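Working notes for the structure below.
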Amino acid sequence: MIEIKDLSIDLDEFHLKNINLSIGHREYFVILGPTGAGKTVLLECIAGLHRIKQGEIWINGDNITHLPPEERKIGYVPQDYVLFPFLKVADNIAFGLKEAKFSKTEIAERVQSLANLMAITHLLNRDTRSMSGGEKQRVALARALALSPKILLLDEPLGALDLQTAKYLRLELKRIHDELGIITIHITHDQTEAEEIADRLGILNLGELEQVGIPDEVFFYPDNAIVSDFIGSPNILECDRCSSLGQGLMEVDCGGLRIVIPHDGNSIERIALFPRDIYISDTQPPGPHMNRFKGMITDIKPSGTTERLLVKVGDKTLQTEIPRDISEDMELTVGKEVFLILKLKRIKVYECKCNHKQTEKPI
Amino acid sequence: MTSLLKGIGGDRAFKGATISALVLLAIFIVSIIISMLAYTDWNTFISALLSEEILFAIRLSLITATIATIIAILIAIPVAYAISYAKFPGKDLVDSMLDLPIVISPVALGAILLVFFNTPLGASIDDNLIKFVFAVPGIILAQVVVISALAIRLLKSTFDSIDLRYEQVARTLGLSKVRAFIKVTLPLAKDGLIAAAILTWARAIGEFGATVTLAGATAMKTETLPVAIFLSLASADVEKAIAVIFLLVIIAVIALLIMRKITRKRYQI
């Protein structure tokens, strides 16, 4: 278990203010925040890379606040992986083991077993400079895990990867964590990544930890306006009626919007959907009309590199989010008619507490 | 006038002017070197080069420049590392002070050293520890003072190009600060270190001003290659001077070619 108590630090560009955080045994904890929030600094403090003048860090009951990094038994994978370019892959993985004076046989066995875990046995004799981002990430992970650390720190581990590789490695990270069962602290600015991988997450903004909780709790019940602004408030739609379509699908009517949801349980009381999970198109999308609605833009607000749009569909107003450059390409303006496509898998369902499997009011 | 330099015509004129300047400079350097050949013939050149005095100067220059380079690099590694990574008050001032030997005339540096060895502390060192004034250790000291600033600058730029995170990662893998420096930073700086050593060595071989002021210009005693040129010219022995000049040019060209080869294959960090 790791405990951070009243940690504050002031560096030239970043600072942390009164960070209090407790992360449990075997937990996968994600620190989520915008660029410049101080996420990397927090990770570096845990790794022992900054001198801490205020606050304490405890690991499994030991105060490690002033321990040098080499004595903390922490595995660290920095952003861009920072593999040693003058060493082959196998030597990168064995680097810490050689320093700890393991025998040659032990080192060879450990390197082989880590290479198996990371599926990189074919890369062991390769030069690290000629590898892809995904391969480098696996090697950096193997190197960090070589000394069987108590805690694994991952700094934006998927940030430099293409979408497909990042999605695959997200699952891999979770698998490796579950297999090894060590505390993992993963930092990212990507909400989807955080939501999919975290047991719990913390929102860090301008050096302050704004909220800690399980993903659903943080995303759907933000503690304050800062968290709400960062993650964007979800669209919450009260359901007037719902009916089972069979084959695990249910149709709900929310103020005239008929939405099909993969759900096989009690009646649905309301649904929630984040702005980023509603696609927007200026032309009618091809295919079936399910979960697609025509609406009119009533407001456009810039938010970082994105724009948040309010779109009136029937009696309801839905909030959606779109990268600014795409919005400019589509020449979106208030009053323009657009089509909304709801991302089926991302719809969050709140069941009726009445314990009814049957639909009360068929549509 | 400025309108004439706009568009494709302007681009061509600019390119032509810069390339002309480059070609003219190259012609100038090559022609002044070749022009020396007019003063001598091959046999005189070889016999001058193999004379006892010049062979002594070659040997003394090689030994003193090598020792001076080793000392300068050993000083420059920690100093350049500190300037590159450490944060302390007055760092900019210290950094600027270290450049003084580059901008001050070597003769002035030699004079400063000579004056120092006339103070009670300096005289005591000179009398009781090592004899520097008008002696071979004085050549090495003069060379070290002149080349160490250059070595520090070159190594600082090498350390600046190495991301500190390499060391940080090494530390999380169980290495102390010193071990991380030796096992990670030095291997990453290897090419920069070799390049700095070659350049400073070549500079030490050619050092004259500080050397002649502190160690003097005594034939067959403190006679390095540049001092040999000075003594040959002073005694109107132009052939001997030309032989040594050619030798220095060849050493410089080889050093620069090796440098170019090394800097091309540096790690992409």
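Naming scheme: A, B, ... for chains in displayed order of the structure tokens; residues 1 onward per chain; ligands 1 onward as shown.
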(request) Using only C-alpha atoms, find which residues of chain A lie within 6 Å of chain B and jot them down as an MDAnalysis selection string. (result) chainID A and resid 69:70 96
Keeping only all heavy atoms, write the selected residues to a file as a short mmCIF file (atom, residue, chain, number, x, y, z; two decimals), in the first residue's frame.
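Result went into selection.cif, see below:
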```cif
data_model
loop_
_atom_site.label_atom_id
_atom_site.label_comp_id
_atom_site.auth_asym_id
_atom_site.auth_seq_id
_atom_site.Cartn_x
_atom_site.Cartn_y
_atom_site.Cartn_z
N PRO A 69 16.26 7.11 -4.97
CA PRO A 69 15.46 6.27 -5.89
C PRO A 69 15.91 4.81 -5.92
O PRO A 69 15.09 3.90 -6.03
CB PRO A 69 15.66 6.90 -7.25
CG PRO A 69 16.38 8.17 -7.06
CD PRO A 69 16.85 8.27 -5.65
N GLU A 70 17.24 4.60 -5.81
CA GLU A 70 17.77 3.23 -5.94
C GLU A 70 17.38 2.33 -4.77
O GLU A 70 17.54 1.12 -4.84
CB GLU A 70 19.29 3.25 -6.12
CG GLU A 70 20.09 3.87 -4.99
CD GLU A 70 20.37 5.35 -5.21
OE1 GLU A 70 19.55 6.02 -5.88
OE2 GLU A 70 21.38 5.84 -4.68
N GLY A 96 19.31 -3.59 -14.50
CA GLY A 96 19.20 -3.52 -13.04
C GLY A 96 19.66 -4.81 -12.37
O GLY A 96 20.23 -4.78 -11.27
#
```
(request) Write out as an MDAnalysis selection string which residues come within 9 Å of segment 116-130 of chain A when counting only C-alpha atoms, dropping same-chain ones fewer than 3 positions away. (result) (chainID A and resid 83:93 111:113 135:136 138:139 141:142 172 176) or (chainID B and resid 268)
(request) Using atom CA of Lys345 of chain A and atom CA of Leu237 of chain A as the two end points, give the distance in Å to one decimal. (result) 16.1 Å
(request) For Ile226 of chain A, work out the shell of residues within 8 Å, counting only C-alpha atoms and skipping chain neighbours fewer than 3 positions away, then give it as a PyMOL selection string. (result) chain A and resi 205+210+229-230
Would you mind listing, for every residue of segment 124-147 of chain B within 12 Å of segment 223-242 of chain B, the two atoms forming the shortest contact and the distance between them in Å to one decimal, using only C-alpha atoms, sorted by chain and ascending residue number, as a Markdown table?
```
| residue | atom | partner | partner_atom | distance |
| --- | --- | --- | --- | --- |
| B:Phe134 | CA | B:Glu223 | CA | 10.7 |
| B:Ala135 | CA | B:Glu223 | CA | 10.2 |
| B:Val136 | CA | B:Glu223 | CA | 9.0 |
| B:Gly138 | CA | B:Glu223 | CA | 11.8 |
| B:Ile139 | CA | B:Thr224 | CA | 8.5 |
| B:Ile140 | CA | B:Thr224 | CA | 10.8 |
| B:Gln143 | CA | B:Thr224 | CA | 11.2 |
```
Output the selection as a PDB file, in the first residue's frame - C-alpha atoms for each residue.
```pdb
ATOM      1  CA  PHE B 134      61.112  27.401 -18.011  1.00  0.00           C
ATOM      2  CA  ALA B 135      60.640  23.628 -17.652  1.00  0.00           C
ATOM      3  CA  VAL B 136      58.644  20.865 -19.391  1.00  0.00           C
ATOM      4  CA  GLY B 138      55.329  24.426 -17.534  1.00  0.00           C
ATOM      5  CA  ILE B 139      54.476  23.406 -21.130  1.00  0.00           C
ATOM      6  CA  ILE B 140      51.866  20.946 -19.848  1.00  0.00           C
ATOM      7  CA  GLN B 143      48.502  23.732 -22.482  1.00  0.00           C
TER       8      GLN B 143
END
```
